[in-house]
>>> print(open('target_37.tsv').read())   # TSV, C-alpha atoms
chain	number	residue	atom	x	y	z
S	1	MET	CA	0.00	0.00	0.00
S	2	ASP	CA	1.43	3.37	-1.00
S	3	ARG	CA	2.25	5.74	1.82
S	4	ILE	CA	0.26	8.98	1.80
S	5	PRO	CA	2.73	11.84	1.34
S	6	LEU	CA	2.90	14.47	4.05
S	7	PRO	CA	1.49	17.88	3.20
S	8	LYS	CA	4.08	20.59	2.66
S	9	LEU	CA	5.09	22.60	5.69
S	10	THR	CA	3.16	25.84	6.06
S	11	ALA	CA	4.90	29.22	6.24
S	12	SER	CA	4.38	29.32	10.01
S	13	GLU	CA	5.70	25.77	10.49
S	14	ILE	CA	8.94	26.18	8.53
S	15	SER	CA	9.51	29.60	10.10
S	16	SER	CA	9.12	28.16	13.61
S	17	ILE	CA	11.37	25.20	12.80
S	18	TRP	CA	14.04	27.47	11.32
S	19	ALA	CA	13.96	29.85	14.30
S	20	SER	CA	14.09	26.93	16.75
S	21	TYR	CA	17.11	25.46	14.94
S	22	MET	CA	18.98	28.78	15.15
S	23	ALA	CA	18.17	29.20	18.85
S	24	ASP	CA	19.15	25.65	19.78
S	25	SER	CA	22.44	25.83	17.86
S	26	MET	CA	23.24	28.98	19.84
S	27	SER	CA	22.19	27.39	23.13
S	28	ILE	CA	24.46	24.39	22.58
S	29	CYS	CA	27.48	26.70	22.37
S	30	GLY	CA	26.52	28.40	25.62
S	31	MET	CA	25.80	25.19	27.52
S	32	ARG	CA	29.08	23.60	26.48
S	33	HIS	CA	31.06	26.57	27.74
S	34	PHE	CA	29.09	26.67	31.00
S	35	LEU	CA	29.72	22.97	31.61
S	36	ALA	CA	33.46	23.43	31.09
S	37	HIS	CA	33.61	25.74	34.12
S	38	LEU	CA	30.66	25.07	36.46
S	39	LYS	CA	31.55	24.19	40.05
S	40	ASP	CA	28.11	23.53	41.58
S	41	ASP	CA	27.04	19.93	40.88
S	42	ARG	CA	23.35	20.76	41.27
S	43	ILE	CA	23.51	23.48	38.61
S	44	GLN	CA	25.70	21.30	36.41
S	45	THR	CA	22.98	18.61	36.37
S	46	ILE	CA	20.42	21.14	35.14
S	47	VAL	CA	22.74	22.53	32.47
S	48	GLU	CA	23.50	18.98	31.27
S	49	TYR	CA	19.76	18.41	30.95
S	50	ALA	CA	19.39	21.68	29.00
S	51	LEU	CA	22.25	20.71	26.68
S	52	GLN	CA	20.76	17.28	25.98
S	53	LEU	CA	17.41	18.89	25.17
S	54	ALA	CA	19.06	21.25	22.69
S	55	LEU	CA	21.01	18.41	21.04
S	56	ASP	CA	17.83	16.31	20.73
S	57	HIS	CA	15.99	19.31	19.31
S	58	MET	CA	18.67	19.91	16.70
S	59	GLN	CA	18.48	16.29	15.54
S	60	LYS	CA	14.69	16.38	15.19
S	61	LEU	CA	14.60	19.84	13.60
S	62	SER	CA	17.25	18.80	11.07
S	63	ALA	CA	15.17	15.74	10.17
S	64	LEU	CA	12.06	17.88	9.66
S	65	MET	CA	13.88	20.28	7.34
S	66	LYS	CA	15.62	17.49	5.40
S	67	LEU	CA	12.28	15.73	4.91
S	68	GLU	CA	11.02	18.96	3.35
S	69	GLY	CA	14.19	19.36	1.26
S	70	TYR	CA	14.81	22.66	3.03
S	71	PRO	CA	18.49	23.70	3.38
S	72	LEU	CA	19.75	23.74	6.95
S	73	PRO	CA	20.79	27.17	8.24
S	74	THR	CA	24.43	27.69	9.17
S	75	GLY	CA	23.45	28.60	12.71
S	76	PHE	CA	26.25	28.28	15.26
S	77	THR	CA	28.98	25.65	15.56
S	78	GLU	CA	32.11	24.91	17.55
S	79	GLN	CA	33.68	27.82	15.65
S	80	ASP	CA	31.46	30.17	17.67
S	81	VAL	CA	32.54	29.04	21.13
S	82	ASN	CA	35.94	28.96	22.86
S	83	LEU	CA	35.78	26.31	25.56
S	84	GLU	CA	39.21	27.37	26.82
S	85	ALA	CA	38.04	30.91	27.61
S	86	PRO	CA	37.63	31.63	31.35
S	87	PRO	CA	34.10	31.68	32.79
S	88	LEU	CA	32.19	34.88	32.16
S	89	PHE	CA	29.28	34.29	34.56
S	90	SER	CA	28.96	32.94	38.10
S	91	ASP	CA	27.20	29.62	38.69
S	92	ASN	CA	24.23	31.47	40.21
S	93	LEU	CA	23.82	33.71	37.18
S	94	ILE	CA	24.00	30.69	34.88
S	95	LEU	CA	21.15	29.04	36.79
S	96	MET	CA	19.00	32.17	36.48
S	97	TYR	CA	19.89	32.39	32.79
S	98	ILE	CA	18.80	28.78	32.20
S	99	GLY	CA	15.48	29.48	33.89
S	100	HIS	CA	14.92	32.60	31.81
S	101	MET	CA	15.73	30.82	28.55
S	102	ALA	CA	13.33	28.03	29.52
S	103	LYS	CA	10.60	30.68	29.90
S	104	LEU	CA	11.42	32.08	26.46
S	105	GLY	CA	11.34	28.56	25.05
S	106	LEU	CA	7.91	27.90	26.53
S	107	THR	CA	6.59	31.11	24.99
S	108	SER	CA	7.99	30.46	21.52
S	109	TYR	CA	7.10	26.75	21.53
S	110	THR	CA	3.52	27.47	22.56
S	111	LEU	CA	3.12	29.96	19.72
S	112	ALA	CA	4.69	27.48	17.30
S	113	LEU	CA	2.36	24.70	18.48
S	114	THR	CA	-0.78	26.79	18.13
S	115	THR	CA	0.17	27.82	14.57
S	116	SER	CA	1.16	24.32	13.39
S	117	VAL	CA	-1.14	21.78	11.75
S	118	ARG	CA	1.08	18.97	10.40
S	119	GLN	CA	1.10	16.15	12.91
S	120	ASP	CA	4.87	15.60	13.10
S	121	VAL	CA	5.42	19.31	13.78
S	122	VAL	CA	2.61	19.37	16.35
S	123	ASP	CA	4.17	16.34	18.05
S	124	TYR	CA	7.60	17.99	18.08
S	125	TYR	CA	6.42	21.20	19.73
S	126	THR	CA	4.18	19.33	22.17
S	127	ASP	CA	7.24	17.43	23.39
S	128	ALA	CA	9.38	20.60	23.37
S	129	ILE	CA	6.86	22.33	25.66
S	130	THR	CA	6.82	19.38	28.05
S	131	THR	CA	10.61	19.16	28.34
S	132	SER	CA	11.06	22.95	28.54
S	133	LEU	CA	8.52	23.05	31.35
S	134	GLU	CA	10.56	20.42	33.17
S	135	LEU	CA	13.71	22.53	32.68
S	136	HIS	CA	11.90	25.63	33.95
S	137	ASN	CA	10.57	23.82	37.02
S	138	ARG	CA	13.94	22.29	37.87
S	139	SER	CA	15.82	25.58	37.58
S	140	GLN	CA	13.19	27.50	39.55
S	141	ALA	CA	13.07	24.89	42.32
S	142	LEU	CA	16.86	24.95	42.69
S	143	GLY	CA	16.90	28.75	42.63
S	144	LEU	CA	14.35	28.81	45.46
S	145	GLU	CA	16.32	26.18	47.40
S	146	MET	CA	19.51	28.23	47.03
S	147	GLY	CA	17.76	31.47	47.96
S	148	ILE	CA	18.65	33.26	44.72
S	149	TYR	CA	15.26	33.12	43.00
S	150	VAL	CA	13.34	36.25	43.96
S	151	ARG	CA	9.64	35.61	44.46
S	152	PRO	CA	7.19	38.16	43.02
S	153	PRO	CA	5.49	40.52	45.52
S	154	VAL	CA	2.35	39.53	47.41
S	155	ILE	CA	-0.79	41.65	47.75
S	156	ALA	CA	-3.39	41.94	50.48
S	157	VAL	CA	-6.53	39.79	50.40
S	158	PRO	CA	-9.70	41.93	49.94
S	159	ASP	CA	-12.65	41.58	52.31
S	160	GLN	CA	-15.10	40.98	49.45
S	161	ALA	CA	-15.54	41.10	45.67
S	162	GLU	CA	-16.10	44.60	44.29
S	163	SER	CA	-17.07	46.09	40.91
S	164	VAL	CA	-15.41	49.10	39.30
S	165	HIS	CA	-17.64	52.21	39.25
S	166	ASP	CA	-15.12	55.02	38.81
S	167	LYS	CA	-13.26	55.91	35.61
S	168	ALA	CA	-10.29	56.73	37.85
S	169	PHE	CA	-9.62	52.98	37.60
S	170	LEU	CA	-8.04	53.73	34.23
S	171	GLY	CA	-5.86	56.41	35.79
S	172	SER	CA	-4.32	59.37	34.01
S	173	VAL	CA	-0.95	60.31	32.61
S	174	LEU	CA	-0.63	63.02	35.22
S	175	GLY	CA	-2.16	63.36	38.67
S	176	HIS	CA	-3.51	60.69	41.03
S	177	LYS	CA	-2.80	57.06	40.22
S	178	ARG	CA	-4.72	54.20	41.80
S	179	PRO	CA	-2.75	51.36	43.43
S	180	LEU	CA	-1.32	48.80	41.05
S	181	LEU	CA	-3.37	45.76	40.14
S	182	GLY	CA	-1.86	42.36	40.79
S	183	VAL	CA	-1.48	41.77	37.04
S	184	GLU	CA	0.28	45.13	36.64
S	185	ILE	CA	2.68	44.27	39.46
S	186	ASN	CA	3.36	40.95	37.74
S	187	HIS	CA	4.28	42.59	34.43
S	188	LEU	CA	6.41	45.28	36.08
S	189	PHE	CA	8.23	42.79	38.28
S	190	HIS	CA	9.00	40.28	35.54
S	191	ASN	CA	9.96	42.97	33.03
S	192	LEU	CA	12.37	44.28	35.65
S	193	LYS	CA	13.82	40.80	36.27
S	194	ARG	CA	14.21	40.24	32.54
S	195	ASN	CA	15.96	43.58	32.08
S	196	ALA	CA	18.27	42.93	35.03
S	197	LEU	CA	19.36	39.61	33.55
S	198	GLY	CA	19.59	41.10	30.06
S	199	LYS	CA	21.70	43.98	31.28
S	200	ALA	CA	24.16	41.60	32.95
S	201	LEU	CA	24.40	39.53	29.76
S	202	ILE	CA	24.98	42.55	27.51
S	203	LEU	CA	27.45	44.06	29.99
S	204	ALA	CA	29.45	40.82	29.95
S	205	PHE	CA	29.39	40.71	26.14
S	206	CYS	CA	30.54	44.33	26.02
S	207	GLN	CA	33.41	43.44	28.36
S	208	VAL	CA	34.78	40.75	26.05
S	209	SER	CA	33.87	42.15	22.61
S	210	LYS	CA	36.83	43.08	20.41
S	211	SER	CA	34.86	44.80	17.66
S	212	GLU	CA	34.47	48.55	18.26
S	213	ASP	CA	31.10	48.89	16.55
S	214	VAL	CA	29.74	45.80	18.31
S	215	LYS	CA	31.06	47.06	21.65
S	216	LYS	CA	29.40	50.43	20.99
S	217	PHE	CA	26.11	48.63	20.31
S	218	PHE	CA	26.39	46.67	23.54
S	219	LYS	CA	27.20	49.82	25.54
S	220	LYS	CA	24.00	51.40	24.28
S	221	GLY	CA	22.12	48.25	25.29
S	222	VAL	CA	23.50	48.47	28.83
S	223	ARG	CA	22.35	52.10	29.12
S	224	LEU	CA	18.94	51.27	27.70
S	225	SER	CA	18.48	48.30	30.04
S	226	GLN	CA	19.42	50.42	33.06
S	227	LYS	CA	16.97	53.12	32.02
S	228	GLN	CA	14.15	50.59	31.84
S	229	ILE	CA	15.20	49.04	35.15
S	230	ASP	CA	15.01	52.50	36.75
S	231	VAL	CA	11.53	53.13	35.33
S	232	PHE	CA	10.12	49.82	36.54
S	233	THR	CA	11.83	50.07	39.94
S	234	LYS	CA	10.45	53.58	40.52
S	235	THR	CA	6.92	52.49	39.58
S	236	LEU	CA	7.03	49.51	41.94
S	237	GLN	CA	8.56	51.50	44.80
S	238	GLU	CA	5.92	54.24	44.47
S	239	ASP	CA	3.39	51.50	45.18
S	240	SER	CA	5.51	50.19	48.11
S	241	GLN	CA	6.37	47.04	46.17
S	242	PRO	CA	9.85	45.43	46.28
S	243	ALA	CA	12.11	45.31	43.23
S	244	PRO	CA	14.23	42.25	42.30
S	245	MET	CA	18.03	42.25	42.50
S	246	LEU	CA	20.52	43.12	39.76
S	247	TRP	CA	23.08	40.61	38.50
S	248	ASP	CA	25.98	42.86	37.45
S	249	GLY	CA	28.14	41.61	40.32
S	250	GLU	CA	27.87	38.03	39.05
S	251	ILE	CA	30.01	38.77	35.96
S	252	SER	CA	33.66	37.72	36.09
S	253	SER	CA	36.59	40.02	35.30
S	254	SER	CA	37.58	38.05	32.19
S	255	VAL	CA	38.13	39.97	28.95
S	256	ILE	CA	38.54	36.80	26.84
S	257	SER	CA	35.37	36.10	24.91
S	258	PRO	CA	33.90	32.58	25.10
S	259	PHE	CA	31.67	33.35	22.10
S	260	SER	CA	31.97	34.79	18.62
S	261	GLU	CA	30.80	38.34	17.98
S	262	LYS	CA	28.16	36.89	15.66
S	263	LEU	CA	26.74	34.66	18.40
S	264	MET	CA	26.66	37.48	20.96
S	265	MET	CA	24.90	39.82	18.52
S	266	PHE	CA	22.35	37.13	17.63
S	267	HIS	CA	21.67	36.45	21.30
S	268	VAL	CA	21.11	40.11	22.15
S	269	SER	CA	18.87	40.53	19.10
S	270	ALA	CA	16.78	37.55	20.24
S	271	LEU	CA	16.42	39.08	23.71
S	272	ILE	CA	15.33	42.38	22.17
S	273	ALA	CA	12.68	40.64	20.07
S	274	SER	CA	11.39	38.87	23.17
S	275	ALA	CA	11.25	42.15	25.10
S	276	ILE	CA	9.15	43.78	22.39
S	277	GLY	CA	6.65	40.95	22.66
S	278	GLN	CA	6.61	41.15	26.45
S	279	TYR	CA	5.88	44.88	26.37
S	280	GLY	CA	2.98	44.25	24.03
S	281	ALA	CA	1.56	41.74	26.52
S	282	SER	CA	2.19	44.21	29.35
S	283	ILE	CA	0.22	46.93	27.56
S	284	ALA	CA	-2.69	44.53	27.07
S	285	GLY	CA	-2.62	43.60	30.78
S	286	SER	CA	-2.22	47.10	32.24
S	287	PRO	CA	-5.38	49.27	32.28
S	288	ARG	CA	-3.61	52.22	33.98
S	289	LYS	CA	-2.90	54.87	31.34
S	290	ASP	CA	0.50	55.94	32.65
S	291	LEU	CA	1.75	52.35	32.44
S	292	VAL	CA	0.53	52.00	28.86
S	293	LEU	CA	2.38	55.22	27.99
S	294	GLU	CA	5.60	54.00	29.64
S	295	TYR	CA	5.50	50.62	27.90
S	296	THR	CA	4.77	52.28	24.57
S	297	ARG	CA	7.67	54.72	24.98
S	298	LEU	CA	10.13	52.08	26.16
S	299	GLY	CA	8.95	49.69	23.46
S	300	ALA	CA	9.63	52.31	20.80
S	301	GLU	CA	13.15	52.75	22.13
S	302	ILE	CA	13.98	49.07	22.01
S	303	MET	CA	12.46	48.74	18.53
S	304	GLN	CA	14.89	51.44	17.40
S	305	TYR	CA	17.69	49.53	19.14
S	306	ALA	CA	16.57	46.33	17.40
S	307	GLU	CA	16.83	48.05	14.01
S	308	GLU	CA	20.35	49.26	14.81
S	309	GLY	CA	21.32	45.71	15.72
S	310	ALA	CA	19.83	44.29	12.53
S	311	LEU	CA	21.68	46.83	10.39
S	312	LEU	CA	24.94	46.03	12.18
S	313	MET	CA	24.49	42.29	11.64
S	314	ILE	CA	23.70	42.86	7.96
S	315	ARG	CA	26.85	44.94	7.50
S	316	LYS	CA	28.90	42.20	9.16
S	317	GLY	CA	27.29	39.43	7.10
S	318	TRP	CA	26.01	37.74	10.27
S	319	MET	CA	22.29	37.65	9.49
S	320	GLU	CA	20.90	34.58	7.74
S	321	TYR	CA	17.77	34.85	5.63
S	322	PRO	CA	14.79	33.34	7.46
S	323	PRO	CA	12.25	31.42	5.36
S	324	GLN	CA	10.52	33.80	2.95
S	325	SER	CA	8.09	33.79	0.05
S	326	VAL	CA	9.25	33.89	-3.57
S	327	ASP	CA	9.83	37.36	-5.03
S	328	ARG	CA	7.34	37.13	-7.91
S	329	ARG	CA	8.05	40.66	-9.09
S	330	LYS	CA	11.73	39.83	-9.48
S	331	LEU	CA	10.97	36.60	-11.34
S	332	THR	CA	8.57	38.35	-13.72
S	333	HIS	CA	10.77	41.46	-14.04
S	334	THR	CA	7.92	43.78	-13.06
>>> encode(input="target_37.tsv", output="structure tokens")
Amino acid sequence: MDRIPLPKLTASEISSIWASYMADSMSICGMRHFLAHLKDDRIQTIVEYALQLALDHMQKLSALMKLEGYPLPTGFTEQDVNLEAPPLFSDNLILMYIGHMAKLGLTSYTLALTTSVRQDVVDYYTDAITTSLELHNRSQALGLEMGIYVRPPVIAVPDQAESVHDKAFLGSVLGHKRPLLGVEINHLFHNLKRNALGKALILAFCQVSKSEDVKKFFKKGVRLSQKQIDVFTKTLQEDSQPAPMLWDGEISSSVISPFSEKLMMFHVSALIASAIGQYGASIAGSPRKDLVLEYTRLGAEIMQYAEEGALLMIRKGWMEYPPQSVDRRKLTHT
């Protein structure tokens, strides 16, 4: 009996597969360098699990693309990591980084799953979500055990349910602002945590970068991250809410880069793209007008920064073409 051929991958499916391949090839480089220098056995076990997940993903993603006859991206290889370079991050920072990347993976895999229809792709992303959730839970549990994972703030329990009757609930750009909602605190707190980790990462990359234009780009990223940290911290403190810690002190003094300039630029660009999406979600979840204005303003700044990064990568020849449609106008000379 003849086997029924699989339908062609949709635009969303091949785009998700391609992006996942690029991200996992980058992650493998990072995990291998971390494992060469980690001292804490508990964290090492989690990083080994993360590395094995990325290696398994690469094998499955490669098979999906080869089945489609789609060329594999160059991605990142052993040429993009120097295992002999001294450690750049403390063990604690590595654990927090793993947890953050697991969160990003869950977000991207969920979107990929909900936009996929071919069964083998659906199966792949279903498994990727399950294993990434396990990685997230393991890293968070260890962070709590070690006392380095900062819990989000708590809020008082109301006496009873209450409906909104005053338009002051929506706040104003100037003047009186109502207390923050729990969902607004959540977005502010986690955006602050993400920026604190991102700032430490970019600061470390800036420390080891040997390219002047790349270093200049990273320096701007450090300033931009600090600005956003200050905004979120001030907003939380005005509501008597605690702010999470910074991670700058967890960077080593090494000036020898473990990673290629291309890999570091790609990583920062991926973090920027994630931040833009997070700010969009924060706007949707924050009814207070002043918060919407802040997220919109900060989002515009990082979109400008994202464009600068893209232009720099294009000039350097470091940006690979993602899957795209055929240029019919070029083919028909119109």
>>> atom_distance(input="target_37.tsv", atom1="atom CA of S:Ala11", atom2="atom CA of S:Gly280")
23.4 Å
>>> closest_atom_pairs(input="target_37.tsv", of="stretch 192-289 of chain S", to="stretch 314-319 of chain S", cutoff="12 Å", atoms="all atoms listed in the file", output="tab-separated table")
residue	atom	partner	partner_atom	distance
S:Ser211	CA	S:Lys316	CA	10.7
S:Asp213	CA	S:Lys316	CA	10.2
S:Val214	CA	S:Lys316	CA	9.9
S:Ser260	CA	S:Trp318	CA	10.7
S:Glu261	CA	S:Trp318	CA	9.1
S:Lys262	CA	S:Trp318	CA	5.9
S:Leu263	CA	S:Trp318	CA	8.7
S:Met264	CA	S:Trp318	CA	10.7
S:Met265	CA	S:Trp318	CA	8.6
S:Phe266	CA	S:Met319	CA	8.2
S:His267	CA	S:Met319	CA	11.9
S:Ser269	CA	S:Met319	CA	10.6
>>> closest_residue(input="target_37.tsv", among="S:Leu38, S:Met26, S:Met96, S:Leu61", to="S:Ser139", atoms="all atoms listed in the file")
S:Met96
>>> closest_residue(input="target_37.tsv", among="S:Ile148, S:Ala54, S:Ile17, S:Ile272", to="S:Leu111", atoms="only C-alpha atoms")
S:Ile17
>>> closest_residue(input="target_37.tsv", among="S:His165, S:Thr10, S:Val255, S:Pro71", to="S:Glu320", atoms="all atoms listed in the file")
S:Pro71
>>> atom_distance(input="target_37.tsv", atom1="atom CA of S:Val268", atom2="atom CA of S:Val292")
24.7 Å
>>> atom_distance(input="target_37.tsv", atom1="atom CA of S:Asn195", atom2="atom CA of S:Ile229")
6.3 Å
>>> closest_residue(input="target_37.tsv", among="S:Ser240, S:Gln228, S:Ser16, S:Thr131", to="S:Ser116", atoms="only C-alpha atoms")
S:Ser16
>>> residues_around(input="target_37.tsv", residues="stretch 76-82 of chain S", least_positions_apart="2", cutoff="7 Å", atoms="all atoms listed in the file", output="list in words")
Ser25, Met26, Cys29, Thr74, Glu84, Ala85, Pro258, Phe259, Ser260 and Leu263 of chain S
